[in-house]
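Structure first, commentary second.
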Amino acid sequence: MNQMNDISKIVSAPPAEEPARQRFYIEKMRAYADEAAARLGHSLRFCVQTFGCQMNARDSEKLAGILSDAGFVPSAEETADFVIYNTCTVRDNANQRIYGRLGYLHTLKKKNPEMIIALCGCMMQEASVIEKIRQSYGFVDIIFGTHNIYKLAELFDNYISSGRSRIIDIWQETDKIVEELPVQRKYPFKSGVNIMFGCNNFCSYCIVPYVRGRERSRKHEDILREIAHLASDGVKEVMLLGQNVNSYGAGLESEIRFPQLLKEVEKIDGIQRIRFMTSHPKDLSEELIETIAASEKICRHIHLPLQSGSSRILQQMNRKYTKESYLALAERIKESIPDVALTTDIIIGFPGETEEDFLETMDVVDKVSFSNAFTFLYSKRTGTPAAAMPDQISEDVMHDRFDRLLALVHETAKAENKKLEGRVLPVLVEEINRQDETLMTGRLSNNAVVHFPGDASLIGTIRNIKLAESKGFYYIGELQ
Ligand code: 5AD
Ligand code: SF4
């Protein structure tokens, strides 16, 4: 039987309430996709490209869920009929990459005029970006931001019903969290779960609070329902996502805070590993450390962004902790949670950073002995307090410090990983190794990567692997 919907039959007004309203528009989108498929002789394909962090990766899964429900089929190729770039703006090089790739998308659109191009995510929350796209990238069809990802189907409908005129829908702020919309996960066995959105910390270098808005926590009932559903769908590992998970629950009516939330997640059958990202050092409580230490499921990994080891620079950054308090916290975590891996983010070249300040950062890296660190060159973000600070650091000085820091991080990572060499530990097998198809790749509880000989039937299972050889940032293992 022909299941095709006739677009003209969907004439009723859209419901005002969410998520019913979006479900209405998803149906309408499906009618459009069916009609186009019949006309073109193939299903419409979509390609969502994600830039940036795990939050964006999760948002992209929501976009993919809406598009799949609407009858589009996923494609990894940008020759697809509907291409969405989910952008990042945390550092300027992320923005430059987008502009570069838009040029390429333009050549594809010239070959396929029916192609639809959408941009969304953090970069779109900046007025200067919207202005530039308006002026110089006339071929972009739909533009939305971080607060209205859930509205994709409605925006698509606005675009089609307006006779394909460009749609720009950017919200400055929202208190709305729309639940129960479709999601298409990248991995069947693990999933990110948003527990909160936005950030209230206003670190002086960071654009995130401006583009992701004020902090809002999801209700714990909604989070737990989502995770129970994921577990029943075969998910073994969840990553609880927020810019500062340690302040989860602030502003909610219920008393539940992050440690209690973790304990509730732990009770869900089928979930075997719980991760979270990111912890702000100023809010990481003793209770949280005890909760992790006592837990069977919470992974032995804490990502604890340092940003700088100089108390003077930390104050300028508005981080609200000092070198000493960070070191004391790292020490307490290591004492209380055996085998824990600490990883971090560090910014090099914050305005006014002297050689002495930089050496303080090196000192903290050396003392804490991080298992890994994401190191970034300071990037000036217009509108943040740091952009207007004097003494911006020259590129040469930044690069020199960056190289020295990286060399030290290699050393500490190597030393930390060496400690587990020879042990047999559980690994969640995630994928076939990208370089060598005879190897499988997975992760330890502490997030370190392990490659070992095996086959694809192991993907999604947790196996005991002997960590035969530590190679610095990863291990070569043997299936037991
Ligand atoms: N320049 C360089 N790095 C930055 N980060 C955030 N803002 C900037 C910036 N303006 C880094 C921080 C943060 C990580 C996600 O990105 O280290 O923890
Ligand atoms: Fe940016 Fe600081 Fe918020 Fe992290 S905590 S998103 S670095 S403002």
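In the structure tokens, chains take letters A, B, ... by order of appearance, with residues numbered from 1 within each chain and ligands from 1 in the order shown.
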
Using only C-alpha atoms and all ligand atoms, which residues of chain A come within 9 Å of ligand 2, and what is the closest atom pair for each, with the distance in Å to one decimal? Give it as a tab-separated table, sorted by chain and residue number.
```
residue	atom	partner	partner_atom_place_in_ligand_line	distance
A:Val90	CA	ligand 2	1 (Fe)	8.3
A:Gly198	CA	ligand 2	6 (S)	7.7
A:Cys199	CA	ligand 2	3 (Fe)	4.8
A:Asn200	CA	ligand 2	3 (Fe)	6.4
A:Asn201	CA	ligand 2	8 (S)	4.8
A:Phe202	CA	ligand 2	8 (S)	4.2
A:Cys203	CA	ligand 2	8 (S)	4.2
A:Ser204	CA	ligand 2	8 (S)	7.2
A:Tyr205	CA	ligand 2	1 (Fe)	7.5
A:Cys206	CA	ligand 2	1 (Fe)	4.5
A:Ile207	CA	ligand 2	1 (Fe)	6.4
A:Val208	CA	ligand 2	6 (S)	5.0
A:Pro209	CA	ligand 2	8 (S)	5.7
A:Tyr210	CA	ligand 2	8 (S)	8.8
A:Arg212	CA	ligand 2	6 (S)	8.6
A:Gly242	CA	ligand 2	6 (S)	8.9
A:Gln243	CA	ligand 2	6 (S)	5.2
A:Asn244	CA	ligand 2	5 (S)	6.0
A:Thr278	CA	ligand 2	4 (Fe)	7.8
A:Ser279	CA	ligand 2	5 (S)	8.3
A:His280	CA	ligand 2	5 (S)	6.3
A:Pro305	CA	ligand 2	7 (S)	8.1
A:Gln307	CA	ligand 2	7 (S)	8.2
A:Met317	CA	ligand 2	2 (Fe)	8.6
A:Asn318	CA	ligand 2	2 (Fe)	8.3
A:Arg319	CA	ligand 2	2 (Fe)	7.2
```

**Request:** Tell me, as a ChimeraX atom specification, which residues lie within 9 Å of Ser470 (chain A), counting only C-alpha atoms; anything in the same chain fewer than 2 positions away does not count.
**Result:** /A:414,417-422,467-468,472-477

Go ahead and save the residues from that selection, with C-alpha atoms, as a short mmCIF file (atom, residue, chain, number, x, y, z; two decimals), in the first residue's frame.
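Result went into result-v2.cif, see below:
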```
data_model
loop_
_atom_site.label_atom_id
_atom_site.label_comp_id
_atom_site.auth_asym_id
_atom_site.auth_seq_id
_atom_site.Cartn_x
_atom_site.Cartn_y
_atom_site.Cartn_z
CA LYS A 414 52.95 8.47 29.66
CA ASN A 417 49.29 5.25 31.70
CA LYS A 418 52.37 3.17 32.50
CA LYS A 419 50.96 2.60 36.01
CA LEU A 420 48.22 0.30 34.67
CA GLU A 421 50.47 -1.67 32.30
CA GLY A 422 50.08 -5.41 32.82
CA LEU A 467 46.90 -3.93 29.07
CA ALA A 468 49.96 -5.53 27.55
CA GLY A 472 51.72 6.90 26.05
CA PHE A 473 48.16 8.07 25.40
CA TYR A 474 46.83 4.55 24.61
CA TYR A 475 47.38 0.84 25.25
CA ILE A 476 47.83 -2.23 23.10
CA GLY A 477 45.85 -4.95 24.82
#
```

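Look at region 430-433 of chain A: the protein and nucleic acid residues within 6 Å of it, using only C-alpha atoms and passing over chain neighbours fewer than 6 places away, are A:Leu439, A:Met440, A:Thr441, A:Gly442, A:Ile459, A:Gly460.
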
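Residues in contact with Ile149 (chain A) at 10 Å, where only C-alpha atoms are counted and same-chain residues fewer than 4 positions away are skipped, are listed as Asp59, Ser60, Lys62, Leu63, Ile66, Asn86, Cys120, Gly121, Phe144, Gly145, Ala153, Leu155 and Val178 of chain A.
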
Write the residues of the preceding selection, restricted to N, CA and C atoms, as a tab-separated table (two decimals), in the first residue's frame.
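File produced: again_31.tsv:
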```tsv
chain	number	residue	atom	x	y	z
A	59	ASP	N	23.26	17.53	20.48
A	59	ASP	CA	22.28	18.32	19.72
A	59	ASP	C	22.14	17.76	18.31
A	60	SER	N	23.28	17.34	17.73
A	60	SER	CA	23.22	16.80	16.36
A	60	SER	C	22.41	15.51	16.32
A	62	LYS	N	19.88	14.96	18.10
A	62	LYS	CA	18.47	15.39	18.14
A	62	LYS	C	18.02	15.84	16.73
A	63	LEU	N	18.90	16.57	16.04
A	63	LEU	CA	18.57	16.98	14.66
A	63	LEU	C	18.37	15.74	13.79
A	66	ILE	N	15.01	14.04	14.43
A	66	ILE	CA	13.88	14.72	13.79
A	66	ILE	C	13.86	14.38	12.29
A	86	ASN	N	26.35	22.10	12.46
A	86	ASN	CA	26.11	22.47	13.86
A	86	ASN	C	27.42	23.05	14.40
A	120	CYS	N	23.44	26.03	12.34
A	120	CYS	CA	22.88	26.22	13.68
A	120	CYS	C	24.01	26.15	14.70
A	121	GLY	N	23.67	26.25	15.97
A	121	GLY	CA	24.68	26.10	17.02
A	121	GLY	C	25.26	27.42	17.48
A	144	PHE	N	19.54	28.88	12.54
A	144	PHE	CA	18.98	28.94	13.89
A	144	PHE	C	20.11	28.76	14.89
A	145	GLY	N	19.78	28.86	16.19
A	145	GLY	CA	20.85	28.94	17.19
A	145	GLY	C	20.93	27.73	18.09
A	153	ALA	N	11.93	21.03	12.46
A	153	ALA	CA	10.86	20.69	11.50
A	153	ALA	C	9.99	21.92	11.21
A	155	LEU	N	10.93	25.07	11.39
A	155	LEU	CA	11.71	26.03	10.58
A	155	LEU	C	11.77	25.56	9.12
A	178	VAL	N	12.39	21.48	25.91
A	178	VAL	CA	11.36	20.64	25.30
A	178	VAL	C	11.80	19.18	25.39
```

**Complete:** Of A:Ala387, A:Leu377, A:Leu479, A:Leu425, the one nearest to ligand 1 when counting only C-alpha atoms and all ligand atoms is A:Leu377

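CA of Ala64 (chain A) to CA of Ile268 (chain A) spans 26.3 Å [interatomic distance, one decimal].
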
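Taking CA of Leu105 (chain A) and CA of Gln135 (chain A) as the two end points, the separation is 16.6 Å.
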
**Request:** Have a look at A:Thr384, A:Asn56, A:Gln480, A:Ser161 and name the one nearest to ligand 1; count only C-alpha atoms and all ligand atoms.
**Result:** A:Thr384

**Message:** Could you pull out the strand (DSSP E) residues of region 269-477 of chain A, going by DSSP on the backbone, and write them as JSON, numbers by chain?
**Reply:** {"A": [273, 274, 275, 276, 277, 301, 302, 303, 341, 342, 343, 344, 345, 346, 347, 348, 372, 373, 374, 375, 376, 377, 424, 425, 426, 427, 428, 429, 430, 431, 432, 439, 440, 441, 442, 443, 444, 449, 450, 451, 452, 453, 462, 463, 464, 465, 466, 467, 468, 469, 470, 474, 475, 476, 477]}

**Item:** Spatial neighbours of Thr354 (chain A), 9 Å, only C-alpha atoms, chain gap at least 5 places, as a PyMOL selection string
**Value:** chain A and resi 349+359+393

**Request:** Give me the residues within 8 Å of His220 (chain A) as a PyMOL selection string, counting only C-alpha atoms and dropping any in the same chain fewer than 3 places off.
**Result:** chain A and resi 223-224+256+261

Generate a file of the selected residues that holds all heavy atoms, formatted as a PDB file, in the first residue's frame.
```pdb
ATOM      1  N   ILE A 223      15.267  13.297  33.380  1.00  0.00           N
ATOM      2  CA  ILE A 223      16.588  12.706  33.097  1.00  0.00           C
ATOM      3  C   ILE A 223      16.540  11.207  33.348  1.00  0.00           C
ATOM      4  O   ILE A 223      16.982  10.402  32.518  1.00  0.00           O
ATOM      5  CB  ILE A 223      17.661  13.367  34.000  1.00  0.00           C
ATOM      6  CG1 ILE A 223      17.786  14.855  33.669  1.00  0.00           C
ATOM      7  CG2 ILE A 223      19.004  12.646  33.858  1.00  0.00           C
ATOM      8  CD1 ILE A 223      18.626  15.644  34.671  1.00  0.00           C
ATOM      9  N   LEU A 224      15.965  10.823  34.502  1.00  0.00           N
ATOM     10  CA  LEU A 224      15.958   9.400  34.868  1.00  0.00           C
ATOM     11  C   LEU A 224      15.080   8.600  33.914  1.00  0.00           C
ATOM     12  O   LEU A 224      15.427   7.475  33.535  1.00  0.00           O
ATOM     13  CB  LEU A 224      15.503   9.225  36.323  1.00  0.00           C
ATOM     14  CG  LEU A 224      16.463   9.860  37.345  1.00  0.00           C
ATOM     15  CD1 LEU A 224      15.869   9.810  38.751  1.00  0.00           C
ATOM     16  CD2 LEU A 224      17.834   9.179  37.327  1.00  0.00           C
ATOM     17  N   ILE A 256      17.151  17.734  44.838  1.00  0.00           N
ATOM     18  CA  ILE A 256      18.174  16.831  44.325  1.00  0.00           C
ATOM     19  C   ILE A 256      19.329  17.600  43.666  1.00  0.00           C
ATOM     20  O   ILE A 256      19.120  18.525  42.909  1.00  0.00           O
ATOM     21  CB  ILE A 256      17.519  15.792  43.365  1.00  0.00           C
ATOM     22  CG1 ILE A 256      18.466  14.646  43.070  1.00  0.00           C
ATOM     23  CG2 ILE A 256      17.050  16.404  42.079  1.00  0.00           C
ATOM     24  CD1 ILE A 256      17.751  13.434  42.468  1.00  0.00           C
ATOM     25  N   LEU A 261      21.684  12.821  42.101  1.00  0.00           N
ATOM     26  CA  LEU A 261      21.302  12.430  40.734  1.00  0.00           C
ATOM     27  C   LEU A 261      22.130  11.216  40.305  1.00  0.00           C
ATOM     28  O   LEU A 261      21.606  10.235  39.769  1.00  0.00           O
ATOM     29  CB  LEU A 261      21.511  13.604  39.766  1.00  0.00           C
ATOM     30  CG  LEU A 261      21.140  13.291  38.316  1.00  0.00           C
ATOM     31  CD1 LEU A 261      19.631  13.142  38.142  1.00  0.00           C
ATOM     32  CD2 LEU A 261      21.652  14.383  37.365  1.00  0.00           C
TER      33      LEU A 261
END
```

**Message:** Report, in Å with one decimal, the straight-line distance from CA of Phe46 (chain A) to CA of Thr79 (chain A).
**Reply:** 8.9 Å

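Using only C-alpha atoms and all ligand atoms, the nearest neighbour of ligand 1 within the list A:Arg423, A:Lys151, A:Arg91, A:His451 is A:Arg91.
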
**Asked** Among region 189-390 of chain A, which ones does DSSP place in helix (DSSP H, G or I), written as a ChimeraX atom specification?
**Response** /A:208-212,220-232,245-247,258-266,281-283,286-294,311-316,323-336,355-368,385-388

**Request:** Skip Pro15 (chain A) itself and residues of its chain fewer than 5 positions away, then list as a count of residues only all residues within 10 Å of it, counting only C-alpha atoms.
**Result:** 6

**Request:** Measuring atom to atom with only C-alpha atoms and all ligand atoms, identify which of A:Pro390, A:Gly383, A:Gly249, A:Gly454 is nearest to ligand 1.
**Result:** A:Gly383

**Request:** Name the closest residue to ligand 1 among the candidates A:Asp169, A:Asp345, A:Glu35, A:Glu416; distances are taken between atoms, counting only C-alpha atoms and all ligand atoms.
**Result:** A:Asp345
